[in-house]
Amino acid sequence: MKFADRLVGKGLNTWLLTKLVVFNLSWMLTLVIPMATLVATLMAFGNFSQNNEITILKSSGVSLYKMMSAPFLASIVLAVLLFLFNDQVLPDANHQARILMSDISQQKPTLSLEPGFFSQEVSNYAILVRAINEKTNELSGVTIYDYTTPSKINVITAAKGKIYFTADQQNLIMDLWDGEIHESDVKNSGLYRKLVFSKHRIVMDGSQFSFHQSQGGIRGERELGVDTMKAIVIGLKSEREKYLTILYNETDKYFLADSSFASHFQVPIVKDKLVMLKVLDKIRAAKSVVISKIRSIDWTESEIEKYEVEIHKKYAIPAACIIFILIGAPLGVMVRKGGFGVAASISLIFFLVYWAFLIGGEKLAERGFFSPFIGMWAANILLGFLGIILTIKTNRETVTIRFVSLKKLVPKRFRINQETDETY
């Protein structure tokens, strides 16, 4: 639905649209798996608690830690698989999705002719049709202005015609019957020619209406794997050191090492205007070099932060699968409800918090407010700490979360009906 306005009317086949959806589903899958882990954990442990199975297991000497061991190990396996997906599959999918969307955006809509209106969708042609048979593509009352030759103006009229594409969709063919061709020369206004035909064929360039998918292109940080981005970061850091070295050398050259330059600032010599101009030229040159290198260093720093943020993100999102086990298991025991509605609601709250931290941390880390590690791992650290506290507290004592305060938000008539049902 997001791209619908850019897809409508371009004659795209079903397979092409399916590819576009599948490529874009890849990055959605990366975010869905951690959330699904939290929902599944809440539902599983909520059912255990609702059916008093947690109480039975605890009375049998089984701690909450032991109950969580199998889901915890499964989350580690899931996190490893998700990282491999993020590192090897997601970059290619993002790259193909970007190229495919760019190619679709550049494609013109399919040719549309409306009776009584000139159409200039075909390059160098203006086509007027007075009647169209939509079933057979037959045209009646055709007038065509041909501008393919700048020095000549050709006007073609025909009683009827038919338009269609070649098999390879590269050319647009128009067959005309019972018409005339009127040709005039722009440079020689006295020259005029008229040609009467019973059948005439015009071949026009139709490649602009056919889809051509690109195969390559420069990849951004979201279209690269971890190893490639690490190599780029190493190269950028080396380039930054080179800029810093040049900056220090230029500074020493102009302000520290050059004693003759410093001697120009002696009071008796400064009175010489020629010497003063030379001094100002050196100052301007030094300022230009320093500003240029500082800008290069700033750009390199921003690129390093951008790639490091993406590297940490590929590790941080899979690690959320493990963190959400620590959150979901104790919360499921506390809530004592294993329904999908309750699990989805609680999961949505935690995932919104996690997503807000992730997006905010990414933007702030790219702008240099704090390190990429803090920006991408802050949510995992915070929720992981909260999950450990909840797990320890739930293992020591049974805590039940009751939604009494939320009942006040429900209209009174519904609460009465609910209480009556519960009584029966």
# chains A, B, ... in the order shown; residues from 1 in each chain; ligands from 1
call {"tool": "residues_around", "arguments": {"residues": "range 74-84 of chain A", "least_positions_apart": "3", "cutoff": "12 Å", "atoms": "only C-alpha atoms", "output": "PyMOL selection string"}}
result
chain A and resi 26-27+29-34+36-38+40-41+68-71+87-91+225-226+311-326+328
call {"tool": "residues_around", "arguments": {"residues": "Ser302 in chain A", "least_positions_apart": "5", "cutoff": "9 Å", "atoms": "only C-alpha atoms", "output": "PyMOL selection string"}}
result
chain A and resi 297+307+366-368
call {"tool": "write_last_selection", "arguments": {"atoms": "N, CA and C atoms", "output": "mmCIF file, in the first residue's frame"}}
result
data_model
loop_
_atom_site.group_PDB
_atom_site.id
_atom_site.type_symbol
_atom_site.label_atom_id
_atom_site.label_comp_id
_atom_site.auth_asym_id
_atom_site.auth_seq_id
_atom_site.Cartn_x
_atom_site.Cartn_y
_atom_site.Cartn_z
ATOM 1 N N ILE A 297 37.810 15.189 7.708
ATOM 2 C CA ILE A 297 37.825 14.387 8.939
ATOM 3 C C ILE A 297 36.405 14.214 9.471
ATOM 4 N N TYR A 307 28.507 3.244 9.592
ATOM 5 C CA TYR A 307 28.763 1.824 9.373
ATOM 6 C C TYR A 307 28.829 1.053 10.686
ATOM 7 N N GLU A 366 24.511 8.195 14.995
ATOM 8 C CA GLU A 366 24.999 8.668 13.700
ATOM 9 C C GLU A 366 25.371 10.146 13.734
ATOM 10 N N ARG A 367 24.764 10.901 14.650
ATOM 11 C CA ARG A 367 25.074 12.321 14.784
ATOM 12 C C ARG A 367 26.178 12.581 15.803
ATOM 13 N N GLY A 368 26.707 11.516 16.399
ATOM 14 C CA GLY A 368 27.864 11.664 17.276
ATOM 15 C C GLY A 368 27.552 12.026 18.708
#
call {"tool": "residues_around", "arguments": {"residues": "range 384-398 of chain A", "least_positions_apart": "3", "cutoff": "8 Å", "atoms": "only C-alpha atoms", "output": "PyMOL selection string"}}
result
chain A and resi 63-65+323-324+326-327+329-331+333-334+380-381
call {"tool": "write_last_selection", "arguments": {"atoms": "C-alpha atoms", "output": "tab-separated table (two decimals), in the first residue's frame"}}
result
chain	number	residue	atom	x	y	z
A	63	SER	CA	12.83	-23.77	39.79
A	64	LEU	CA	11.85	-21.12	37.26
A	65	TYR	CA	15.44	-21.12	36.02
A	323	ILE	CA	16.44	-10.64	26.16
A	324	PHE	CA	12.74	-11.14	25.48
A	326	LEU	CA	14.06	-13.07	30.23
A	327	ILE	CA	11.19	-10.60	29.99
A	329	ALA	CA	8.87	-15.88	31.11
A	330	PRO	CA	8.46	-14.01	34.45
A	331	LEU	CA	5.76	-11.74	33.02
A	333	VAL	CA	3.96	-16.27	35.27
A	334	MET	CA	2.82	-12.97	36.82
A	380	ASN	CA	19.06	-4.63	25.21
A	381	ILE	CA	20.98	-3.56	28.32
call {"tool": "atom_distance", "arguments": {"atom1": "CA of Thr166 in chain A", "atom2": "CA of Phe197 in chain A"}}
result
23.2 Å
call {"tool": "residues_around", "arguments": {"residues": "Ala97 in chain A", "least_positions_apart": "4", "cutoff": "8 Å", "atoms": "only C-alpha atoms", "output": "PyMOL selection string"}}
result
chain A and resi 20+23-24+93+101
call {"tool": "write_last_selection", "arguments": {"atoms": "C-alpha atoms", "output": "short mmCIF file (atom, residue, chain, number, x, y, z; two decimals), in the first residue's frame"}}
result
data_model
loop_
_atom_site.label_atom_id
_atom_site.label_comp_id
_atom_site.auth_asym_id
_atom_site.auth_seq_id
_atom_site.Cartn_x
_atom_site.Cartn_y
_atom_site.Cartn_z
CA LEU A 20 8.94 -6.51 -4.62
CA PHE A 23 12.27 -8.32 -0.87
CA ASN A 24 10.59 -5.82 1.44
CA ALA A 93 17.24 -8.39 -0.28
CA MET A 101 11.80 0.15 -6.74
#
call {"tool": "decode", "arguments": {"residues": "range 381-392 of chain A", "atoms": "all heavy atoms", "output": "PDB file, in the first residue's frame"}}
result
ATOM      1  N   ILE A 381      20.428  -3.643  26.963  1.00  0.00           N
ATOM      2  CA  ILE A 381      20.983  -3.562  28.321  1.00  0.00           C
ATOM      3  C   ILE A 381      19.882  -3.240  29.322  1.00  0.00           C
ATOM      4  O   ILE A 381      19.773  -3.873  30.387  1.00  0.00           O
ATOM      5  CB  ILE A 381      22.101  -2.497  28.370  1.00  0.00           C
ATOM      6  CG1 ILE A 381      23.296  -2.942  27.504  1.00  0.00           C
ATOM      7  CG2 ILE A 381      22.543  -2.245  29.801  1.00  0.00           C
ATOM      8  CD1 ILE A 381      24.357  -1.886  27.339  1.00  0.00           C
ATOM      9  N   LEU A 382      19.033  -2.257  28.990  1.00  0.00           N
ATOM     10  CA  LEU A 382      17.954  -1.861  29.905  1.00  0.00           C
ATOM     11  C   LEU A 382      16.952  -2.989  30.108  1.00  0.00           C
ATOM     12  O   LEU A 382      16.626  -3.362  31.257  1.00  0.00           O
ATOM     13  CB  LEU A 382      17.257  -0.617  29.352  1.00  0.00           C
ATOM     14  CG  LEU A 382      16.053  -0.107  30.149  1.00  0.00           C
ATOM     15  CD1 LEU A 382      16.495   0.363  31.527  1.00  0.00           C
ATOM     16  CD2 LEU A 382      15.360   1.032  29.401  1.00  0.00           C
ATOM     17  N   LEU A 383      16.435  -3.562  29.004  1.00  0.00           N
ATOM     18  CA  LEU A 383      15.448  -4.629  29.116  1.00  0.00           C
ATOM     19  C   LEU A 383      16.053  -5.911  29.679  1.00  0.00           C
ATOM     20  O   LEU A 383      15.373  -6.666  30.379  1.00  0.00           O
ATOM     21  CB  LEU A 383      14.807  -4.892  27.750  1.00  0.00           C
ATOM     22  CG  LEU A 383      13.963  -3.747  27.178  1.00  0.00           C
ATOM     23  CD1 LEU A 383      13.400  -4.121  25.814  1.00  0.00           C
ATOM     24  CD2 LEU A 383      12.833  -3.380  28.125  1.00  0.00           C
ATOM     25  N   GLY A 384      17.330  -6.157  29.366  1.00  0.00           N
ATOM     26  CA  GLY A 384      17.996  -7.327  29.933  1.00  0.00           C
ATOM     27  C   GLY A 384      18.125  -7.220  31.440  1.00  0.00           C
ATOM     28  O   GLY A 384      17.896  -8.197  32.176  1.00  0.00           O
ATOM     29  N   PHE A 385      18.481  -6.037  31.923  1.00  0.00           N
ATOM     30  CA  PHE A 385      18.573  -5.808  33.374  1.00  0.00           C
ATOM     31  C   PHE A 385      17.205  -5.984  34.031  1.00  0.00           C
ATOM     32  O   PHE A 385      17.072  -6.613  35.087  1.00  0.00           O
ATOM     33  CB  PHE A 385      19.118  -4.399  33.626  1.00  0.00           C
ATOM     34  CG  PHE A 385      19.310  -4.062  35.078  1.00  0.00           C
ATOM     35  CD1 PHE A 385      20.323  -4.654  35.821  1.00  0.00           C
ATOM     36  CD2 PHE A 385      18.469  -3.147  35.697  1.00  0.00           C
ATOM     37  CE1 PHE A 385      20.489  -4.345  37.159  1.00  0.00           C
ATOM     38  CE2 PHE A 385      18.629  -2.836  37.026  1.00  0.00           C
ATOM     39  CZ  PHE A 385      19.649  -3.427  37.767  1.00  0.00           C
ATOM     40  N   LEU A 386      16.161  -5.439  33.379  1.00  0.00           N
ATOM     41  CA  LEU A 386      14.806  -5.584  33.899  1.00  0.00           C
ATOM     42  C   LEU A 386      14.376  -7.047  33.895  1.00  0.00           C
ATOM     43  O   LEU A 386      13.742  -7.528  34.848  1.00  0.00           O
ATOM     44  CB  LEU A 386      13.842  -4.749  33.053  1.00  0.00           C
ATOM     45  CG  LEU A 386      12.353  -4.826  33.406  1.00  0.00           C
ATOM     46  CD1 LEU A 386      12.116  -4.314  34.821  1.00  0.00           C
ATOM     47  CD2 LEU A 386      11.513  -4.039  32.407  1.00  0.00           C
ATOM     48  N   GLY A 387      14.732  -7.780  32.841  1.00  0.00           N
ATOM     49  CA  GLY A 387      14.372  -9.191  32.758  1.00  0.00           C
ATOM     50  C   GLY A 387      15.039 -10.029  33.832  1.00  0.00           C
ATOM     51  O   GLY A 387      14.419 -10.939  34.401  1.00  0.00           O
ATOM     52  N   ILE A 388      16.296  -9.728  34.136  1.00  0.00           N
ATOM     53  CA  ILE A 388      17.005 -10.475  35.187  1.00  0.00           C
ATOM     54  C   ILE A 388      16.345 -10.244  36.546  1.00  0.00           C
ATOM     55  O   ILE A 388      16.139 -11.177  37.334  1.00  0.00           O
ATOM     56  CB  ILE A 388      18.491 -10.057  35.217  1.00  0.00           C
ATOM     57  CG1 ILE A 388      19.186 -10.553  33.942  1.00  0.00           C
ATOM     58  CG2 ILE A 388      19.187 -10.612  36.445  1.00  0.00           C
ATOM     59  CD1 ILE A 388      20.591 -10.033  33.782  1.00  0.00           C
ATOM     60  N   ILE A 389      15.991  -8.967  36.828  1.00  0.00           N
ATOM     61  CA  ILE A 389      15.331  -8.650  38.099  1.00  0.00           C
ATOM     62  C   ILE A 389      13.991  -9.364  38.196  1.00  0.00           C
ATOM     63  O   ILE A 389      13.647  -9.963  39.232  1.00  0.00           O
ATOM     64  CB  ILE A 389      15.148  -7.127  38.229  1.00  0.00           C
ATOM     65  CG1 ILE A 389      16.513  -6.448  38.366  1.00  0.00           C
ATOM     66  CG2 ILE A 389      14.265  -6.795  39.431  1.00  0.00           C
ATOM     67  CD1 ILE A 389      16.447  -4.946  38.409  1.00  0.00           C
ATOM     68  N   LEU A 390      13.188  -9.335  37.127  1.00  0.00           N
ATOM     69  CA  LEU A 390      11.883  -9.999  37.132  1.00  0.00           C
ATOM     70  C   LEU A 390      12.027 -11.506  37.309  1.00  0.00           C
ATOM     71  O   LEU A 390      11.246 -12.138  38.038  1.00  0.00           O
ATOM     72  CB  LEU A 390      11.142  -9.697  35.828  1.00  0.00           C
ATOM     73  CG  LEU A 390      10.586  -8.288  35.652  1.00  0.00           C
ATOM     74  CD1 LEU A 390       9.995  -8.114  34.256  1.00  0.00           C
ATOM     75  CD2 LEU A 390       9.517  -8.001  36.699  1.00  0.00           C
ATOM     76  N   THR A 391      13.026 -12.084  36.648  1.00  0.00           N
ATOM     77  CA  THR A 391      13.226 -13.541  36.750  1.00  0.00           C
ATOM     78  C   THR A 391      13.607 -13.941  38.166  1.00  0.00           C
ATOM     79  O   THR A 391      13.071 -14.913  38.721  1.00  0.00           O
ATOM     80  CB  THR A 391      14.327 -13.984  35.766  1.00  0.00           C
ATOM     81  OG1 THR A 391      13.958 -13.612  34.429  1.00  0.00           O
ATOM     82  CG2 THR A 391      14.520 -15.488  35.819  1.00  0.00           C
ATOM     83  N   ILE A 392      14.528 -13.201  38.775  1.00  0.00           N
ATOM     84  CA  ILE A 392      14.953 -13.510  40.147  1.00  0.00           C
ATOM     85  C   ILE A 392      13.788 -13.346  41.122  1.00  0.00           C
ATOM     86  O   ILE A 392      13.545 -14.200  41.986  1.00  0.00           O
ATOM     87  CB  ILE A 392      16.130 -12.596  40.557  1.00  0.00           C
ATOM     88  CG1 ILE A 392      17.364 -12.924  39.691  1.00  0.00           C
ATOM     89  CG2 ILE A 392      16.458 -12.765  42.034  1.00  0.00           C
ATOM     90  CD1 ILE A 392      18.523 -11.982  39.902  1.00  0.00           C
TER      91      ILE A 392
END
